[in-house]
file model03.cif (mmCIF, C-alpha atoms)
data_run
loop_
_atom_site.label_atom_id
_atom_site.label_comp_id
_atom_site.auth_asym_id
_atom_site.auth_seq_id
_atom_site.Cartn_x
_atom_site.Cartn_y
_atom_site.Cartn_z
CA MET J 955 -26.98 19.81 6.55
CA PRO J 956 -23.30 20.47 7.33
CA ASN J 957 -23.92 19.53 10.97
CA GLN J 958 -23.64 15.79 10.29
CA THR J 959 -20.81 13.64 9.02
CA ARG J 960 -21.49 12.06 5.64
CA ILE J 961 -19.83 9.98 2.97
CA VAL J 962 -20.73 11.55 -0.38
CA ALA J 963 -19.80 11.46 -4.06
CA PRO J 964 -18.65 14.43 -6.14
CA GLY J 965 -21.55 16.55 -7.38
CA PRO J 966 -22.20 18.13 -10.77
CA SER J 967 -20.33 21.33 -9.87
CA ASP J 968 -17.29 22.22 -7.79
CA ARG J 969 -19.05 23.08 -4.52
CA THR J 970 -21.71 20.35 -4.66
CA VAL J 971 -21.80 16.72 -3.55
CA ARG J 972 -24.19 13.86 -4.16
CA THR J 973 -25.50 11.77 -1.25
CA GLY J 974 -26.06 8.02 -1.41
CA ASP J 975 -29.72 8.50 -2.26
CA GLY J 976 -28.88 10.91 -5.12
CA GLN J 977 -29.66 14.18 -3.34
CA ILE J 978 -27.45 17.14 -4.36
CA LEU J 979 -26.06 19.14 -1.43
CA HIS J 980 -24.28 22.49 -1.67
CA ALA J 981 -21.24 22.96 0.54
CA SER J 982 -21.43 25.88 2.92
CA ALA J 983 -19.47 28.98 1.84
CA ASP J 984 -17.13 28.62 4.82
CA TRP J 985 -16.28 24.99 3.97
CA GLU J 986 -13.39 23.94 1.78
CA LEU J 987 -12.09 20.69 0.32
CA LEU J 988 -9.07 19.18 2.07
CA PRO J 989 -7.39 17.09 -0.64
CA PRO J 990 -6.26 13.53 0.15
CA GLY J 991 -2.63 12.81 0.89
CA ASP J 992 -1.97 13.67 4.54
CA ALA J 993 -3.61 10.95 6.63
CA GLY J 994 -2.72 12.58 9.96
CA LEU J 995 -4.28 15.90 8.99
CA THR J 996 -7.39 14.23 7.56
CA ARG J 997 -7.84 12.06 10.66
CA ARG J 998 -7.64 15.07 12.99
CA VAL J 999 -9.98 17.22 10.89
CA LYS J 1000 -12.55 14.40 10.88
CA ALA J 1001 -12.20 13.89 14.63
CA ALA J 1002 -12.76 17.61 15.33
CA GLY J 1003 -16.33 17.71 14.04
CA PRO J 1004 -18.73 17.01 11.17
CA THR J 1005 -17.20 16.48 7.72
CA TRP J 1006 -18.22 15.25 4.29
CA THR J 1007 -15.88 12.60 2.97
CA VAL J 1008 -15.94 12.79 -0.84
CA GLN J 1009 -15.40 9.41 -2.49
CA GLU J 1010 -15.70 8.46 -6.14
CA LYS J 1011 -16.38 4.89 -7.20
CA LYS J 1012 -14.84 3.71 -10.47
CA GLY J 1013 -15.58 0.09 -11.22
CA ARG J 1014 -14.86 -1.89 -8.07
CA LYS J 1015 -12.46 0.68 -6.65
CA THR J 1016 -13.29 3.68 -4.47
CA PHE J 1017 -11.05 6.73 -4.69
CA SER J 1018 -10.89 9.50 -2.11
CA ARG J 1019 -11.37 13.00 -3.48
CA GLY J 1020 -10.84 14.64 -0.10
CA VAL J 1021 -12.81 15.84 2.89
CA ARG J 1022 -15.07 18.88 3.02
CA ALA J 1023 -14.93 20.68 6.37
CA PRO J 1024 -14.98 24.24 7.75
CA ALA J 1025 -11.98 26.17 6.43
CA ASP J 1026 -11.11 27.58 9.86
CA ARG J 1027 -11.02 24.07 11.36
CA ILE J 1028 -8.74 22.81 8.58
CA ALA J 1029 -6.42 25.81 9.06
CA ALA J 1030 -6.31 25.38 12.85
CA VAL J 1031 -5.62 21.64 12.70
CA ARG J 1032 -3.00 22.16 9.96
CA ALA J 1033 -1.17 24.80 12.07
CA GLU J 1034 -1.30 22.55 15.15
CA LEU J 1035 0.02 19.58 13.18
CA GLU J 1036 2.82 21.61 11.54
CA ALA J 1037 3.91 22.86 14.96
CA GLU J 1038 3.96 19.30 16.28
CA ARG J 1039 5.87 18.01 13.25
CA SER J 1040 8.53 20.71 13.57
CA THR J 1041 9.71 19.48 16.99
CA ASP J 1042 12.86 17.44 17.54
CA ALA J 1043 10.88 14.77 19.39
CA TYR J 1044 8.70 14.20 16.32
CA ALA J 1045 11.76 13.97 14.04
CA LYS J 1046 13.37 11.41 16.37
CA ARG J 1047 10.17 9.37 16.53
CA ARG J 1048 9.85 9.39 12.72
CA ALA J 1049 13.49 8.31 12.33
CA ALA J 1050 12.97 5.48 14.83
CA ASP J 1051 9.82 4.37 12.97
CA VAL J 1052 11.64 4.30 9.64
CA ALA J 1053 14.55 2.34 11.13
CA ARG J 1054 12.15 -0.16 12.73
CA ARG J 1055 10.25 -0.69 9.45
CA GLU J 1056 13.52 -1.18 7.54
CA ARG J 1057 14.73 -3.70 10.13
CA LYS J 1058 11.47 -5.66 9.92
CA GLN J 1059 11.56 -5.59 6.11
CA THR J 1060 15.16 -6.84 6.04
CA GLU J 1061 14.31 -9.69 8.41
CA TYR J 1062 11.26 -10.56 6.34
CA VAL J 1063 13.24 -10.61 3.07
CA GLU J 1064 15.87 -12.89 4.63
CA ASP J 1065 13.20 -15.26 6.00
CA PHE J 1066 11.39 -15.29 2.67
CA ARG J 1067 14.58 -16.04 0.73
CA GLY J 1068 15.43 -18.85 3.15
CA ALA J 1069 11.95 -20.33 2.73
CA VAL J 1070 12.23 -20.18 -1.08
CA LEU J 1071 15.65 -21.88 -0.97
CA ALA J 1072 14.29 -24.59 1.35
CA PHE J 1073 11.33 -25.08 -0.96
CA LEU J 1074 13.49 -25.33 -4.09
CA ASP J 1075 15.67 -27.99 -2.44
CA PHE J 1076 17.97 -28.24 -5.48
CA ALA J 1077 20.75 -30.80 -5.58
CA PRO J 1078 24.12 -29.41 -4.37
CA CYS J 1079 25.50 -29.31 -7.93
CA TYR J 1080 22.75 -26.75 -8.78
CA ALA J 1081 23.28 -24.59 -5.70
CA ASP J 1082 24.26 -21.54 -7.81
CA LEU J 1083 21.08 -21.83 -9.86
CA ALA J 1084 19.00 -22.20 -6.68
CA GLU J 1085 20.66 -19.07 -5.22
CA GLN J 1086 19.96 -17.05 -8.38
CA LEU J 1087 16.38 -18.26 -8.57
CA ALA J 1088 15.76 -17.58 -4.87
CA ASP J 1089 17.25 -14.09 -5.23
CA ALA J 1090 15.07 -13.32 -8.27
CA VAL J 1091 11.86 -14.60 -6.69
CA THR J 1092 12.60 -12.82 -3.41
CA GLN J 1093 13.42 -9.55 -5.10
CA HIS J 1094 10.20 -9.65 -7.09
CA ALA J 1095 7.94 -10.86 -4.27
CA THR J 1096 9.16 -8.60 -1.46
CA GLN J 1097 9.34 -5.17 -3.11
CA VAL J 1098 8.32 -2.33 -0.84
CA GLY J 1099 5.80 0.03 -2.38
CA SER J 1100 4.88 -2.33 -5.20
CA GLY J 1101 1.21 -1.44 -4.84
CA VAL J 1102 0.19 -4.89 -3.65
CA VAL J 1103 -1.77 -4.27 -0.47
CA GLY J 1104 -1.36 -7.01 2.09
CA GLN J 1105 1.47 -8.59 0.11
CA ARG J 1106 3.55 -9.33 3.19
CA TRP J 1107 0.91 -11.26 5.14
CA LEU J 1108 -0.14 -13.08 1.97
CA LEU J 1109 3.39 -14.29 1.29
CA GLN J 1110 3.84 -15.31 4.91
CA TYR J 1111 0.58 -17.25 4.74
CA VAL J 1112 1.61 -18.96 1.50
CA LEU J 1113 5.01 -19.99 2.81
CA GLN J 1114 3.60 -21.27 6.11
CA ARG J 1115 0.51 -23.07 4.80
CA LEU J 1116 1.15 -24.31 1.30
CA GLN J 1117 3.27 -27.31 0.47
CA GLY J 1118 3.94 -29.47 -2.54
CA PRO J 1119 2.07 -28.71 -5.77
CA ASP J 1120 0.34 -25.60 -4.38
CA LEU J 1121 3.64 -23.97 -3.48
CA ASP J 1122 5.03 -25.06 -6.87
CA LEU J 1123 2.28 -23.04 -8.52
CA VAL J 1124 2.94 -19.96 -6.36
CA VAL J 1125 6.70 -19.91 -6.93
CA GLY J 1126 6.23 -20.72 -10.61
CA GLY J 1127 3.74 -17.86 -10.94
CA LEU J 1128 6.10 -15.40 -9.28
CA VAL J 1129 8.94 -16.49 -11.56
CA ARG J 1130 6.79 -16.27 -14.71
CA HIS J 1131 5.49 -12.87 -13.66
CA ALA J 1132 9.02 -11.54 -13.10
CA VAL J 1133 10.19 -12.92 -16.46
CA ASN J 1134 7.15 -11.63 -18.37
CA LEU J 1135 7.61 -8.13 -16.96
CA GLY J 1136 11.20 -8.22 -18.17
CA ARG J 1137 12.51 -7.51 -14.67
CA HIS J 1138 14.80 -10.51 -14.70
CA PRO J 1139 16.11 -11.25 -18.21
CA LEU J 1140 18.86 -13.43 -16.71
CA LEU J 1141 16.20 -15.51 -14.95
CA GLY J 1142 14.30 -15.83 -18.25
CA ARG J 1143 17.43 -17.09 -20.02
CA MET J 1144 18.16 -19.52 -17.17
CA LEU J 1145 14.65 -20.97 -17.28
CA ASN J 1146 14.62 -21.24 -21.06
CA SER J 1147 18.01 -22.95 -21.17
CA ASN J 1148 17.01 -25.44 -18.43
CA SER J 1149 13.69 -26.31 -20.04
CA THR J 1150 15.33 -27.61 -23.21
#
call {"tool": "encode", "arguments": {"input": "model03.cif", "output": "structure tokens"}}
result
Amino acid sequence: MPNQTRIVAPGPSDRTVRTGDGQILHASADWELLPPGDAGLTRRVKAAGPTWTVQEKKGRKTFSRGVRAPADRIAAVRAELEAERSTDAYAKRRAADVARRERKQTEYVEDFRGAVLAFLDFAPCYADLAEQLADAVTQHATQVGSGVVGQRWLLQYVLQRLQGPDLDLVVGGLVRHAVNLGRHPLLGRMLNSNST
């Protein structure tokens, strides 16, 4: 059955998988498991022919355990990809991509901070407090690699759509979350001293 692409679960032993209907399949001797972690390699191996994508469900989450495919195909695609990645053109393209993402993130952080400041709308005598609060909320809400998938579009949606009490709840939640995690002890002291 290795001639068709499947999504399977890990089987009872190392070289076995379990299909959706509970059937146990044995991987062919010339197949190996390509572990997850290199999306480009995985994408190309899958595009080159039949594979078994091994996924494990734990609760509501699904975790990839890799892709089973012919060992010679994995080796050939890996060699091709390594050759491509070793070129100067690839290095330049990667550097340009990183710079573009950093530029977009910087613009987004500045826009977000400006929106938080506009929302807070503190009196001029509390401008310093508004700046500190906006910095703390922005730092917490716009972290790159925080593990919150879709965080950027969600925050953009919130800032564009919500107003009044709904936005109060969102900003208040972000502030409480930052204080509870201990990331901003200064912010916690500021909030506690202003609430008395």
call {"tool": "resolve_selection", "arguments": {"input": "model03.cif", "expression": "the PyMOL selection byres ((chain J and resi 1056-1063) around 10)", "output": "number ranges by chain"}}
result
J: 1050-1055, 1064-1069, 1089, 1092-1093, 1095-1098, 1106, 1110
call {"tool": "resolve_selection", "arguments": {"input": "model03.cif", "expression": "the PyMOL selection byres ((chain J and resi 978) around 12)", "output": "JSON, numbers by chain"}}
result
{"J": [955, 962, 963, 964, 965, 966, 967, 968, 969, 970, 971, 972, 973, 974, 975, 976, 977, 979, 980, 981]}
call {"tool": "write_last_selection", "arguments": {"input": "model03.cif", "atoms": "C-alpha atoms", "output": "mmCIF file, in the coordinates of the input"}}
result
data_model
loop_
_atom_site.group_PDB
_atom_site.id
_atom_site.type_symbol
_atom_site.label_atom_id
_atom_site.label_comp_id
_atom_site.auth_asym_id
_atom_site.auth_seq_id
_atom_site.Cartn_x
_atom_site.Cartn_y
_atom_site.Cartn_z
ATOM 1 C CA MET J 955 -26.980 19.810 6.550
ATOM 2 C CA VAL J 962 -20.730 11.550 -0.380
ATOM 3 C CA ALA J 963 -19.800 11.460 -4.060
ATOM 4 C CA PRO J 964 -18.650 14.430 -6.140
ATOM 5 C CA GLY J 965 -21.550 16.550 -7.380
ATOM 6 C CA PRO J 966 -22.200 18.130 -10.770
ATOM 7 C CA SER J 967 -20.330 21.330 -9.870
ATOM 8 C CA ASP J 968 -17.290 22.220 -7.790
ATOM 9 C CA ARG J 969 -19.050 23.080 -4.520
ATOM 10 C CA THR J 970 -21.710 20.350 -4.660
ATOM 11 C CA VAL J 971 -21.800 16.720 -3.550
ATOM 12 C CA ARG J 972 -24.190 13.860 -4.160
ATOM 13 C CA THR J 973 -25.500 11.770 -1.250
ATOM 14 C CA GLY J 974 -26.060 8.020 -1.410
ATOM 15 C CA ASP J 975 -29.720 8.500 -2.260
ATOM 16 C CA GLY J 976 -28.880 10.910 -5.120
ATOM 17 C CA GLN J 977 -29.660 14.180 -3.340
ATOM 18 C CA LEU J 979 -26.060 19.140 -1.430
ATOM 19 C CA HIS J 980 -24.280 22.490 -1.670
ATOM 20 C CA ALA J 981 -21.240 22.960 0.540
#
call {"tool": "atom_distance", "arguments": {"input": "model03.cif", "atom1": "CA of Ala1002 (chain J)", "atom2": "CA of Thr1041 (chain J)"}}
result
22.6 Å
call {"tool": "residues_around", "arguments": {"input": "model03.cif", "residues": "Leu987 (chain J)", "least_positions_apart": "4", "cutoff": "8 Å", "atoms": "all atoms listed in the file", "output": "ChimeraX atom specification"}}
result
/J:1020-1023
call {"tool": "atom_distance", "arguments": {"input": "model03.cif", "atom1": "CA of Glu986 (chain J)", "atom2": "CA of Pro1004 (chain J)"}}
result
12.8 Å
call {"tool": "atom_distance", "arguments": {"input": "model03.cif", "atom1": "CA of Arg1039 (chain J)", "atom2": "CA of Ile961 (chain J)"}}
result
28.8 Å
call {"tool": "resolve_selection", "arguments": {"input": "model03.cif", "expression": "the PyMOL selection byres ((chain J and resi 995) around 12)", "output": "list in words"}}
result
Leu988, Pro989, Pro990, Gly991, Asp992, Ala993, Gly994, Thr996, Arg997, Arg998, Val999, Lys1000, Ala1001, Ala1002, Gly1020, Val1021, Ala1023, Arg1027, Ile1028, Ala1029, Ala1030, Val1031, Arg1032, Ala1033, Glu1034, Leu1035, Glu1036, Glu1038 and Arg1039 of chain J
call {"tool": "closest_residue", "arguments": {"input": "model03.cif", "among": "J:Ala1088, J:Val1070, J:Ala1025, J:Ala1049", "to": "Trp985 (chain J)", "atoms": "all atoms listed in the file"}}
result
J:Ala1025
call {"tool": "residues_around", "arguments": {"input": "model03.cif", "residues": "Gln1009 (chain J)", "least_positions_apart": "3", "cutoff": "6 Å", "atoms": "only C-alpha atoms", "output": "PDB file with C-alpha atoms, keeping the file's coordinate frame"}}
result
ATOM      1  CA  ALA J 963     -19.800  11.460  -4.060  1.00  0.00           C
ATOM      2  CA  PHE J1017     -11.050   6.730  -4.690  1.00  0.00           C
ATOM      3  CA  SER J1018     -10.890   9.500  -2.110  1.00  0.00           C
ATOM      4  CA  ARG J1019     -11.370  13.000  -3.480  1.00  0.00           C
TER       5      ARG J1019
END
call {"tool": "closest_residue", "arguments": {"input": "model03.cif", "among": "J:Ser982, J:Asp1042, J:Arg1048, J:Thr959", "to": "Val1008 (chain J)", "atoms": "all atoms listed in the file"}}
result
J:Thr959
call {"tool": "axis_aligned_box", "arguments": {"input": "model03.cif", "around": "region 1026-1032 of chain J", "padding_each_side": "5 Å", "output": "JSON"}}
result
{"center_x": -7.1, "center_y": 24.6, "center_z": 10.7, "size_x": 18.1, "size_y": 15.9, "size_z": 14.3}
